[in-house]
file my_file-v4.pdb (PDB, C-alpha atoms and all ligand atoms)
ATOM      1  CA  MET I   1      67.914  64.460-119.897
ATOM      2  CA  ASP I   2      68.978  66.523-116.948
ATOM      3  CA  LYS I   3      66.053  67.584-114.826
ATOM      4  CA  LYS I   4      65.441  67.445-111.111
ATOM      5  CA  LYS I   5      63.631  64.342-109.983
ATOM      6  CA  LEU I   6      60.415  64.725-107.998
ATOM      7  CA  ILE I   7      59.548  62.665-104.937
ATOM      8  CA  ALA I   8      55.894  63.181-103.992
ATOM      9  CA  GLY I   9      54.257  61.590-100.973
ATOM     10  CA  ASN I  10      50.612  60.632-101.333
ATOM     11  CA  TRP I  11      49.257  60.373 -97.803
ATOM     12  CA  LYS I  12      45.851  59.180 -99.109
ATOM     13  CA  MET I  13      43.198  59.201 -96.327
ATOM     14  CA  ASN I  14      45.677  58.826 -93.478
ATOM     15  CA  GLY I  15      46.830  61.039 -90.656
ATOM     16  CA  GLY I  16      45.401  63.574 -88.245
ATOM     17  CA  LEU I  17      46.573  66.791 -86.626
ATOM     18  CA  THR I  18      48.968  65.107 -84.197
ATOM     19  CA  ALA I  19      50.341  62.493 -86.585
ATOM     20  CA  ASN I  20      50.806  65.013 -89.415
ATOM     21  CA  GLU I  21      52.784  67.353 -87.224
ATOM     22  CA  ALA I  22      55.074  64.589 -85.972
ATOM     23  CA  LEU I  23      55.605  63.264 -89.516
ATOM     24  CA  MET I  24      56.327  66.674 -91.021
ATOM     25  CA  ARG I  25      58.673  67.694 -88.215
ATOM     26  CA  ALA I  26      60.648  64.462 -88.617
ATOM     27  CA  ILE I  27      60.840  64.907 -92.407
ATOM     28  CA  LEU I  28      61.947  68.538 -92.124
ATOM     29  CA  GLN I  29      64.509  67.680 -89.484
ATOM     30  CA  GLY I  30      66.197  65.137 -91.726
ATOM     31  CA  ILE I  31      65.725  66.609 -95.188
ATOM     32  CA  GLY I  32      68.666  69.046 -95.397
ATOM     33  CA  ALA I  33      69.054  70.402 -98.933
ATOM     34  CA  PRO I  34      67.616  67.668-101.151
ATOM     35  CA  ALA I  35      68.935  67.140-104.685
ATOM     36  CA  CYS I  36      65.368  66.524-105.891
ATOM     37  CA  ASP I  37      62.058  68.345-105.643
ATOM     38  CA  VAL I  38      59.869  67.082-102.794
ATOM     39  CA  ALA I  39      56.131  67.349-102.188
ATOM     40  CA  VAL I  40      53.516  65.933 -99.844
ATOM     41  CA  CYS I  41      49.944  65.476-101.084
ATOM     42  CA  VAL I  42      47.806  65.654 -97.974
ATOM     43  CA  PRO I  43      44.095  65.195 -97.213
ATOM     44  CA  ALA I  44      42.165  68.410 -97.915
ATOM     45  CA  PRO I  45      41.254  69.251 -94.294
ATOM     46  CA  TYR I  46      44.950  69.429 -93.400
ATOM     47  CA  LEU I  47      46.140  71.697 -96.202
ATOM     48  CA  ALA I  48      46.321  74.740 -93.918
ATOM     49  CA  GLN I  49      48.103  72.794 -91.207
ATOM     50  CA  VAL I  50      50.729  71.358 -93.545
ATOM     51  CA  GLN I  51      51.048  74.688 -95.393
ATOM     52  CA  ALA I  52      52.118  76.254 -92.075
ATOM     53  CA  LEU I  53      54.452  73.368 -91.232
ATOM     54  CA  THR I  54      56.209  73.398 -94.628
ATOM     55  CA  ALA I  55      56.411  77.193 -95.110
ATOM     56  CA  GLY I  56      59.936  78.196 -96.111
ATOM     57  CA  SER I  57      61.051  74.553 -96.349
ATOM     58  CA  PRO I  58      62.091  72.494 -99.379
ATOM     59  CA  VAL I  59      58.809  70.557 -99.188
ATOM     60  CA  ALA I  60      56.015  71.737-101.493
ATOM     61  CA  LEU I  61      52.360  71.188-100.748
ATOM     62  CA  GLY I  62      50.126  69.003-102.893
ATOM     63  CA  ALA I  63      46.473  67.989-103.020
ATOM     64  CA  GLN I  64      45.156  64.526-103.878
ATOM     65  CA  ASP I  65      42.455  65.692-106.255
ATOM     66  CA  VAL I  66      41.030  68.882-107.742
ATOM     67  CA  SER I  67      37.648  69.711-109.208
ATOM     68  CA  ALA I  68      37.316  70.041-112.964
ATOM     69  CA  HIS I  69      34.982  72.987-112.282
ATOM     70  CA  ALA I  70      35.857  76.541-111.310
ATOM     71  CA  GLN I  71      33.063  77.061-108.749
ATOM     72  CA  GLY I  72      29.431  76.409-107.979
ATOM     73  CA  ALA I  73      27.114  73.578-107.013
ATOM     74  CA  TYR I  74      29.612  70.719-106.717
ATOM     75  CA  THR I  75      29.166  69.501-103.166
ATOM     76  CA  GLY I  76      32.299  68.033-101.656
ATOM     77  CA  GLU I  77      34.702  69.310-104.286
ATOM     78  CA  GLN I  78      37.590  71.767-104.094
ATOM     79  CA  SER I  79      38.477  74.069-106.961
ATOM     80  CA  ALA I  80      42.028  74.740-108.085
ATOM     81  CA  ALA I  81      41.650  78.365-106.968
ATOM     82  CA  MET I  82      40.681  77.220-103.457
ATOM     83  CA  LEU I  83      43.710  74.951-103.308
ATOM     84  CA  GLY I  84      45.818  77.850-104.565
ATOM     85  CA  ASP I  85      44.750  79.849-101.508
ATOM     86  CA  PHE I  86      46.816  77.372 -99.477
ATOM     87  CA  ASP I  87      49.894  77.492-101.730
ATOM     88  CA  VAL I  88      49.138  74.091-103.218
ATOM     89  CA  ARG I  89      51.683  73.545-105.999
ATOM     90  CA  TYR I  90      50.743  70.030-107.148
ATOM     91  CA  ALA I  91      47.438  68.220-107.554
ATOM     92  CA  ILE I  92      47.220  64.500-108.176
ATOM     93  CA  VAL I  93      44.596  63.782-110.847
ATOM     94  CA  GLY I  94      43.289  60.423-112.002
ATOM     95  CA  HIS I  95      44.738  58.307-109.226
ATOM     96  CA  SER I  96      43.543  54.744-109.786
ATOM     97  CA  GLU I  97      41.607  54.905-106.511
ATOM     98  CA  ARG I  98      39.649  57.869-107.902
ATOM     99  CA  ARG I  99      39.121  56.088-111.210
ATOM    100  CA  GLN I 100      38.005  52.902-109.445
ATOM    101  CA  TYR I 101      35.921  54.150-106.505
ATOM    102  CA  HIS I 102      34.667  57.429-107.949
ATOM    103  CA  GLY I 103      34.115  56.431-111.537
ATOM    104  CA  GLU I 104      36.472  59.025-112.999
ATOM    105  CA  SER I 105      36.773  58.718-116.759
ATOM    106  CA  ASP I 106      39.785  59.630-118.883
ATOM    107  CA  GLU I 107      37.916  62.781-119.918
ATOM    108  CA  THR I 108      37.215  63.805-116.314
ATOM    109  CA  VAL I 109      40.856  63.292-115.434
ATOM    110  CA  ALA I 110      41.933  65.400-118.404
ATOM    111  CA  ALA I 111      39.511  68.180-117.375
ATOM    112  CA  LYS I 112      40.931  68.126-113.849
ATOM    113  CA  ALA I 113      44.443  68.464-115.251
ATOM    114  CA  THR I 114      43.259  71.456-117.280
ATOM    115  CA  ALA I 115      41.686  73.037-114.187
ATOM    116  CA  ALA I 116      44.952  72.704-112.263
ATOM    117  CA  LEU I 117      47.049  74.122-115.126
ATOM    118  CA  THR I 118      44.679  77.072-115.533
ATOM    119  CA  GLN I 119      45.454  77.971-111.938
ATOM    120  CA  GLY I 120      49.217  77.611-112.396
ATOM    121  CA  MET I 121      49.285  74.358-110.460
ATOM    122  CA  THR I 122      51.153  71.258-111.636
ATOM    123  CA  PRO I 123      48.896  68.259-112.140
ATOM    124  CA  ILE I 124      50.384  64.847-111.352
ATOM    125  CA  ALA I 125      48.381  62.808-113.852
ATOM    126  CA  CYS I 126      48.228  59.098-113.025
ATOM    127  CA  VAL I 127      47.987  56.250-115.505
ATOM    128  CA  GLY I 128      48.290  52.509-114.990
ATOM    129  CA  GLU I 129      46.905  49.108-115.815
ATOM    130  CA  THR I 130      45.168  46.559-113.592
ATOM    131  CA  LEU I 131      46.534  43.050-113.121
ATOM    132  CA  ALA I 132      43.874  41.639-115.461
ATOM    133  CA  GLN I 133      44.841  44.150-118.133
ATOM    134  CA  ARG I 134      48.542  43.330-117.757
ATOM    135  CA  GLU I 135      47.847  39.609-117.979
ATOM    136  CA  ALA I 136      45.743  40.185-121.093
ATOM    137  CA  GLY I 137      48.679  42.007-122.707
ATOM    138  CA  GLU I 138      46.830  45.321-122.658
ATOM    139  CA  THR I 139      49.255  47.398-120.565
ATOM    140  CA  GLU I 140      50.534  49.534-123.407
ATOM    141  CA  ALA I 141      47.097  50.178-124.887
ATOM    142  CA  VAL I 142      45.619  51.142-121.510
ATOM    143  CA  VAL I 143      48.296  53.626-120.471
ATOM    144  CA  LYS I 144      48.410  55.128-123.953
ATOM    145  CA  ARG I 145      44.640  55.637-123.966
ATOM    146  CA  GLN I 146      44.778  57.272-120.506
ATOM    147  CA  LEU I 147      47.652  59.566-121.489
ATOM    148  CA  ALA I 148      46.127  60.381-124.880
ATOM    149  CA  ALA I 149      43.087  61.972-123.220
ATOM    150  CA  ILE I 150      45.351  64.212-121.151
ATOM    151  CA  ILE I 151      47.542  65.135-124.137
ATOM    152  CA  HIS I 152      44.479  65.805-126.249
ATOM    153  CA  ALA I 153      43.139  68.290-123.692
ATOM    154  CA  ASN I 154      46.463  69.778-122.592
ATOM    155  CA  GLY I 155      49.076  69.174-125.278
ATOM    156  CA  ARG I 156      50.140  72.787-125.313
ATOM    157  CA  CYS I 157      51.003  72.685-121.603
ATOM    158  CA  ILE I 158      52.313  69.159-121.404
ATOM    159  CA  SER I 159      55.799  70.157-120.268
ATOM    160  CA  GLU I 160      54.237  71.833-117.212
ATOM    161  CA  MET I 161      52.703  68.553-116.119
ATOM    162  CA  VAL I 162      53.954  65.520-114.260
ATOM    163  CA  VAL I 163      52.875  62.039-115.335
ATOM    164  CA  ALA I 164      52.822  59.143-112.869
ATOM    165  CA  TYR I 165      52.856  55.524-114.007
ATOM    166  CA  GLU I 166      51.198  53.510-111.276
ATOM    167  CA  PRO I 167      50.429  49.893-112.123
ATOM    168  CA  VAL I 168      47.268  49.213-110.114
ATOM    169  CA  TRP I 169      48.507  45.754-109.103
ATOM    170  CA  ALA I 170      51.553  47.337-107.433
ATOM    171  CA  ILE I 171      49.710  49.946-105.354
ATOM    172  CA  GLY I 172      49.717  49.145-101.649
ATOM    173  CA  THR I 173      50.375  45.480-102.374
ATOM    174  CA  GLY I 174      54.119  45.294-101.758
ATOM    175  CA  LYS I 175      54.428  43.982-105.348
ATOM    176  CA  THR I 176      56.661  46.531-107.017
ATOM    177  CA  ALA I 177      57.131  46.527-110.763
ATOM    178  CA  THR I 178      60.706  45.519-111.513
ATOM    179  CA  PRO I 179      62.878  48.413-112.686
ATOM    180  CA  GLU I 180      62.806  46.857-116.172
ATOM    181  CA  GLN I 181      59.007  46.496-116.199
ATOM    182  CA  ALA I 182      58.582  50.084-115.060
ATOM    183  CA  GLN I 183      61.180  51.468-117.486
ATOM    184  CA  ALA I 184      59.501  49.670-120.394
ATOM    185  CA  VAL I 185      56.204  51.460-119.719
ATOM    186  CA  HIS I 186      57.910  54.786-119.019
ATOM    187  CA  ALA I 187      59.638  54.525-122.395
ATOM    188  CA  VAL I 188      56.259  53.961-124.073
ATOM    189  CA  LEU I 189      54.871  57.065-122.359
ATOM    190  CA  ARG I 190      57.937  59.137-123.299
ATOM    191  CA  THR I 191      57.612  58.103-126.934
ATOM    192  CA  GLN I 192      53.937  59.028-126.906
ATOM    193  CA  LEU I 193      54.780  62.438-125.426
ATOM    194  CA  ARG I 194      57.499  62.950-128.082
ATOM    195  CA  HIS I 195      55.013  62.248-130.839
ATOM    196  CA  ALA I 196      52.718  64.873-129.348
ATOM    197  CA  VAL I 197      55.112  67.664-128.377
ATOM    198  CA  GLY I 198      58.546  66.792-129.765
ATOM    199  CA  ALA I 199      61.610  67.616-127.694
ATOM    200  CA  ARG I 200      59.507  69.192-124.936
ATOM    201  CA  ALA I 201      58.578  65.629-123.956
ATOM    202  CA  ASP I 202      61.988  65.312-122.370
ATOM    203  CA  LEU I 203      61.058  68.031-119.865
ATOM    204  CA  VAL I 204      58.107  66.036-118.529
ATOM    205  CA  ARG I 205      58.815  64.175-115.339
ATOM    206  CA  ILE I 206      57.411  60.673-115.413
ATOM    207  CA  LEU I 207      57.132  59.278-111.872
ATOM    208  CA  TYR I 208      56.811  55.653-110.889
ATOM    209  CA  GLY I 209      54.344  54.733-108.138
ATOM    210  CA  GLY I 210      53.368  51.414-106.590
ATOM    211  CA  SER I 211      55.107  50.028-103.509
ATOM    212  CA  MET I 212      58.186  52.175-104.012
ATOM    213  CA  ASN I 213      60.121  52.027-100.758
ATOM    214  CA  ALA I 214      63.468  52.711 -99.125
ATOM    215  CA  GLY I 215      64.823  49.379-100.367
ATOM    216  CA  ASN I 216      63.865  49.532-104.045
ATOM    217  CA  ALA I 217      63.828  53.270-104.779
ATOM    218  CA  ALA I 218      67.456  53.629-105.914
ATOM    219  CA  GLN I 219      67.147  50.902-108.564
ATOM    220  CA  LEU I 220      63.872  52.256-109.908
ATOM    221  CA  LEU I 221      65.145  55.836-109.955
ATOM    222  CA  ALA I 222      68.271  54.783-111.851
ATOM    223  CA  GLN I 223      66.205  53.919-114.921
ATOM    224  CA  GLU I 224      66.504  56.226-117.905
ATOM    225  CA  ASP I 225      62.889  57.400-117.988
ATOM    226  CA  ILE I 226      61.996  57.260-114.284
ATOM    227  CA  ASP I 227      62.112  60.851-113.074
ATOM    228  CA  GLY I 228      60.840  60.406-109.554
ATOM    229  CA  GLY I 229      58.298  58.609-107.436
ATOM    230  CA  LEU I 230      54.745  58.904-106.150
ATOM    231  CA  ILE I 231      54.952  57.277-102.758
ATOM    232  CA  GLY I 232      51.993  55.990-100.724
ATOM    233  CA  GLY I 233      52.708  53.807 -97.699
ATOM    234  CA  ALA I 234      56.397  54.663 -97.408
ATOM    235  CA  ALA I 235      55.590  58.391 -97.339
ATOM    236  CA  LEU I 236      53.925  57.929 -93.949
ATOM    237  CA  LYS I 237      57.221  56.935 -92.315
ATOM    238  CA  ALA I 238      59.695  59.802 -92.131
ATOM    239  CA  ALA I 239      62.801  57.603 -92.208
ATOM    240  CA  ASP I 240      61.615  55.714 -95.293
ATOM    241  CA  PHE I 241      60.493  58.851 -97.117
ATOM    242  CA  LEU I 242      63.846  60.505 -96.366
ATOM    243  CA  GLN I 243      65.736  57.499 -97.712
ATOM    244  CA  ILE I 244      63.762  57.650-100.943
ATOM    245  CA  ILE I 245      64.481  61.387-101.223
ATOM    246  CA  ALA I 246      68.189  60.694-100.685
ATOM    247  CA  ALA I 247      68.093  58.109-103.492
ATOM    248  CA  ALA I 248      66.700  60.673-105.970
ATOM    249  CA  HIS I 249      69.584  62.600-107.491
TER
HETATM  250  P1  LIG K 301      51.913  52.770-102.448
HETATM  251  O1  LIG K 301      50.910  53.830-103.133
HETATM  252  O2  LIG K 301      53.286  53.403-102.469
HETATM  253  O3  LIG K 301      51.374  52.588-101.055
HETATM  254  O4  LIG K 301      51.868  51.522-103.251
HETATM  255  C1  LIG K 301      51.312  54.598-104.233
HETATM  256  C2  LIG K 301      50.141  55.417-104.720
HETATM  257  O5  LIG K 301      49.018  54.899-104.766
HETATM  258  O6  LIG K 301      50.292  56.619-105.077
END

call {"tool": "encode", "arguments": {"input": "my_file-v4.pdb", "output": "structure tokens"}}
result
Amino acid sequence: MDKKKLIAGNWKMNGGLTANEALMRAILQGIGAPACDVAVCVPAPYLAQVQALTAGSPVALGAQDVSAHAQGAYTGEQSAAMLGDFDVRYAIVGHSERRQYHGESDETVAAKATAALTQGMTPIACVGETLAQREAGETEAVVKRQLAAIIHANGRCISEMVVAYEPVWAIGTGKTATPEQAQAVHAVLRTQLRHAVGARADLVRILYGGSMNAGNAAQLLAQEDIDGGLIGGAALKAADFLQIIAAAH
């Protein structure tokens, strides 16, 4: 299936005004005309800063989370409309760190995806198993359950979404899934999407995330159902991020 790959950086809770500017300037200096779509998902306080830095460039702006609610008494949250004020095009939902440290359920994640879609924003919906779940042979069941909630709430719009498979044991650990391990799970997700929405499933970009770096990106991205990457640590180094972008064609 011919569709542009997507390389999205997830800066997590890293950076600051000075570091962000240096990182973005280095990325923009080296990026040229990329063959793939590129985004950076930055901490909320820096959305305006990075919006200004990326204006008119091939790099789209992303957020790391979005509220399931439209407005009101939800201290600490940002609505999709607020993010839209800063030209945010992508919002990560259901990252495993949100599921783990903030108790986000499959239903909450699905509602966040809906909130983003309602605002015309592309949710990057994350799924993935823990090491214990993989060792117990539960990988397939876990990712299918997580994706099912999102499909159930948003089936109609599924081709406007991005799915990210991020095995929890591979995030920030340097332990990447092998291309074969990742492809096997991506194929499961693709099949599940096909059952839900037929041929439109082939339009959905399924990203891999979890210690993707300049050295292993090309092999992962060569797999049939790997349509891009969600990059944590390596997205904080311009040279590494640029190498991953160059590998995505
Ligand atoms: P990592 O993070 O690339 O540092 O493993 C990926 C992610 O959590 O999105």

call {"tool": "residues_near_ligand", "arguments": {"input": "my_file-v4.pdb", "ligand": "ligand LIG 301 (chain K)", "cutoff": "7 Å", "atoms": "only C-alpha atoms and all ligand atoms", "output": "VMD selection string"}}
result
chain I and resid 10 166 170 to 174 209 to 212 230 to 234

call {"tool": "resolve_selection", "arguments": {"input": "my_file-v4.pdb", "expression": "the PyMOL selection byres (((chain I and resi 40-56) around 7) and not hetatm)", "output": "list in words"}}
result
Ala8, Gly9, Asn10, Trp11, Lys12, Met13, Met24, Ala39, Ser57, Pro58, Val59, Ala60, Leu61, Gly62, Ala63, Gln64 and Phe86 of chain I

call {"tool": "closest_residue", "arguments": {"input": "my_file-v4.pdb", "among": "I:Asn216, I:Asn154, I:Gln100, I:Thr118", "to": "I:Val197", "atoms": "only C-alpha atoms"}}
result
I:Asn154

call {"tool": "residues_around", "arguments": {"input": "my_file-v4.pdb", "residues": "I:His249", "least_positions_apart": "3", "cutoff": "9 Å", "atoms": "only C-alpha atoms", "output": "list of chain:residue names"}}
result
I:Lys4, I:Lys5, I:Pro34, I:Ala35, I:Cys36, I:Leu221, I:Ile245, I:Ala246

call {"tool": "resolve_selection", "arguments": {"input": "my_file-v4.pdb", "expression": "the PyMOL selection byres (((chain I and resi 238) around 8) and not hetatm)", "output": "list of chain:residue names"}}
result
I:Leu23, I:Met24, I:Ala26, I:Ile27, I:Ala235, I:Leu236, I:Lys237, I:Ala239, I:Asp240, I:Phe241, I:Leu242

call {"tool": "residues_around", "arguments": {"input": "my_file-v4.pdb", "residues": "I:Gly215", "least_positions_apart": "6", "cutoff": "10 Å", "atoms": "all atoms listed in the file", "output": "ChimeraX atom specification"}}
result
/I:240,243-244,247

call {"tool": "atom_distance", "arguments": {"input": "my_file-v4.pdb", "atom1": "atom CA of I:Arg190", "atom2": "atom CA of I:Val66"}}
result
25.0 Å

call {"tool": "closest_residue", "arguments": {"input": "my_file-v4.pdb", "among": "I:Glu104, I:Asp65, I:Asp87, I:Asp225", "to": "I:Pro123", "atoms": "all atoms listed in the file"}}
result
I:Asp65

call {"tool": "atom_distance", "arguments": {"input": "my_file-v4.pdb", "atom1": "atom CA of I:His69", "atom2": "atom CA of I:Ala148"}}
result
21.0 Å

call {"tool": "resolve_selection", "arguments": {"input": "my_file-v4.pdb", "expression": "the PyMOL selection byres (((chain I and resi 68) around 6) and not hetatm)", "output": "number ranges by chain"}}
result
I: 67, 69, 111-112, 115

call {"tool": "write_last_selection", "arguments": {"input": "my_file-v4.pdb", "atoms": "C-alpha atoms", "output": "short mmCIF file (atom, residue, chain, number, x, y, z; two decimals), in the coordinates of the input"}}
result
data_model
loop_
_atom_site.label_atom_id
_atom_site.label_comp_id
_atom_site.auth_asym_id
_atom_site.auth_seq_id
_atom_site.Cartn_x
_atom_site.Cartn_y
_atom_site.Cartn_z
CA SER I 67 37.65 69.71 -109.21
CA HIS I 69 34.98 72.99 -112.28
CA ALA I 111 39.51 68.18 -117.38
CA LYS I 112 40.93 68.13 -113.85
CA ALA I 115 41.69 73.04 -114.19
#

call {"tool": "closest_residue", "arguments": {"input": "my_file-v4.pdb", "among": "I:Lys175, I:His186, I:Arg200, I:Arg134", "to": "I:Gly155", "atoms": "all atoms listed in the file"}}
result
I:Arg200

call {"tool": "residues_around", "arguments": {"input": "my_file-v4.pdb", "residues": "stretch 138-143 of chain I", "least_positions_apart": "4", "cutoff": "6 Å", "atoms": "all atoms listed in the file", "output": "list in words"}}
result
Val127, Gly128, Glu129, Gln133 and Arg134 of chain I

call {"tool": "closest_residue", "arguments": {"input": "my_file-v4.pdb", "among": "I:Ala248, I:Ala80, I:Ile31, I:Leu203", "to": "I:Gln119", "atoms": "only C-alpha atoms"}}
result
I:Ala80

call {"tool": "atom_distance", "arguments": {"input": "my_file-v4.pdb", "atom1": "atom CA of I:Asp202", "atom2": "atom CA of I:Tyr90"}}
result
19.5 Å

call {"tool": "residues_around", "arguments": {"input": "my_file-v4.pdb", "residues": "I:Ala125", "least_positions_apart": "6", "cutoff": "9 Å", "atoms": "only C-alpha atoms", "output": "NGL selection string"}}
result
:I and (91-95 or 109-110 or 113 or 147 or 150 or 161-165)

call {"tool": "closest_residue", "arguments": {"input": "my_file-v4.pdb", "among": "I:Leu6, I:Ile226, I:Cys157, I:Ala149", "to": "I:Ala187", "atoms": "only C-alpha atoms"}}
result
I:Ile226

call {"tool": "closest_residue", "arguments": {"input": "my_file-v4.pdb", "among": "I:Asp227, I:Glu160, I:Asp37, I:Glu21", "to": "I:Thr114", "atoms": "all atoms listed in the file"}}
result
I:Glu160

call {"tool": "decode", "arguments": {"input": "my_file-v4.pdb", "residues": "stretch 185-235 of chain I", "atoms": "C-alpha atoms", "output": "compact mmCIF listing (two decimals), in the first residue's frame"}}
result
# COMPACT_ATOMS: atom_id res chain seq x y z
CA VAL I 185 2.00 -7.43 15.71
CA HIS I 186 1.46 -4.82 13.00
CA ALA I 187 -0.06 -7.53 10.81
CA VAL I 188 -2.45 -8.47 13.63
CA LEU I 189 -3.51 -4.83 13.97
CA ARG I 190 -3.95 -4.45 10.20
CA THR I 191 -6.14 -7.54 10.07
CA GLN I 192 -8.24 -6.22 12.94
CA LEU I 193 -8.65 -2.89 11.13
CA ARG I 194 -9.64 -4.72 7.91
CA HIS I 195 -12.33 -6.62 9.76
CA ALA I 196 -13.69 -3.33 11.05
CA VAL I 197 -13.45 -1.05 8.01
CA GLY I 198 -12.46 -3.18 5.02
CA ALA I 199 -10.07 -1.74 2.46
CA ARG I 200 -9.87 1.59 4.30
CA ALA I 201 -7.65 -0.22 6.81
CA ASP I 202 -4.84 0.01 4.30
CA LEU I 203 -4.92 3.81 4.58
CA VAL I 204 -4.18 3.72 8.31
CA ARG I 205 -0.58 4.34 9.19
CA ILE I 206 0.64 1.95 11.85
CA LEU I 207 3.81 3.31 13.49
CA TYR I 208 6.34 1.35 15.49
CA GLY I 209 7.72 2.90 18.68
CA GLY I 210 10.19 1.65 21.27
CA SER I 211 13.92 2.36 21.01
CA MET I 212 13.75 3.08 17.30
CA ASN I 213 17.02 4.78 16.41
CA ALA I 214 19.29 5.79 13.55
CA GLY I 215 20.80 2.29 13.44
CA ASN I 216 17.65 0.15 13.37
CA ALA I 217 15.09 2.42 11.70
CA ALA I 218 15.68 1.32 8.09
CA GLN I 219 15.12 -2.37 8.87
CA LEU I 220 11.98 -1.70 10.89
CA LEU I 221 10.57 0.68 8.28
CA ALA I 222 11.16 -1.87 5.52
CA GLN I 223 8.51 -4.18 6.99
CA GLU I 224 5.26 -4.50 5.09
CA ASP I 225 2.97 -3.07 7.77
CA ILE I 226 5.31 -0.59 9.48
CA ASP I 227 4.29 2.82 8.18
CA GLY I 228 6.50 5.03 10.29
CA GLY I 229 7.87 5.53 13.76
CA LEU I 230 7.07 7.20 17.07
CA ILE I 231 10.47 8.20 18.34
CA GLY I 232 11.32 9.10 21.95
CA GLY I 233 14.99 9.36 22.92
CA ALA I 234 16.36 9.55 19.38
CA ALA I 235 14.04 12.47 18.57
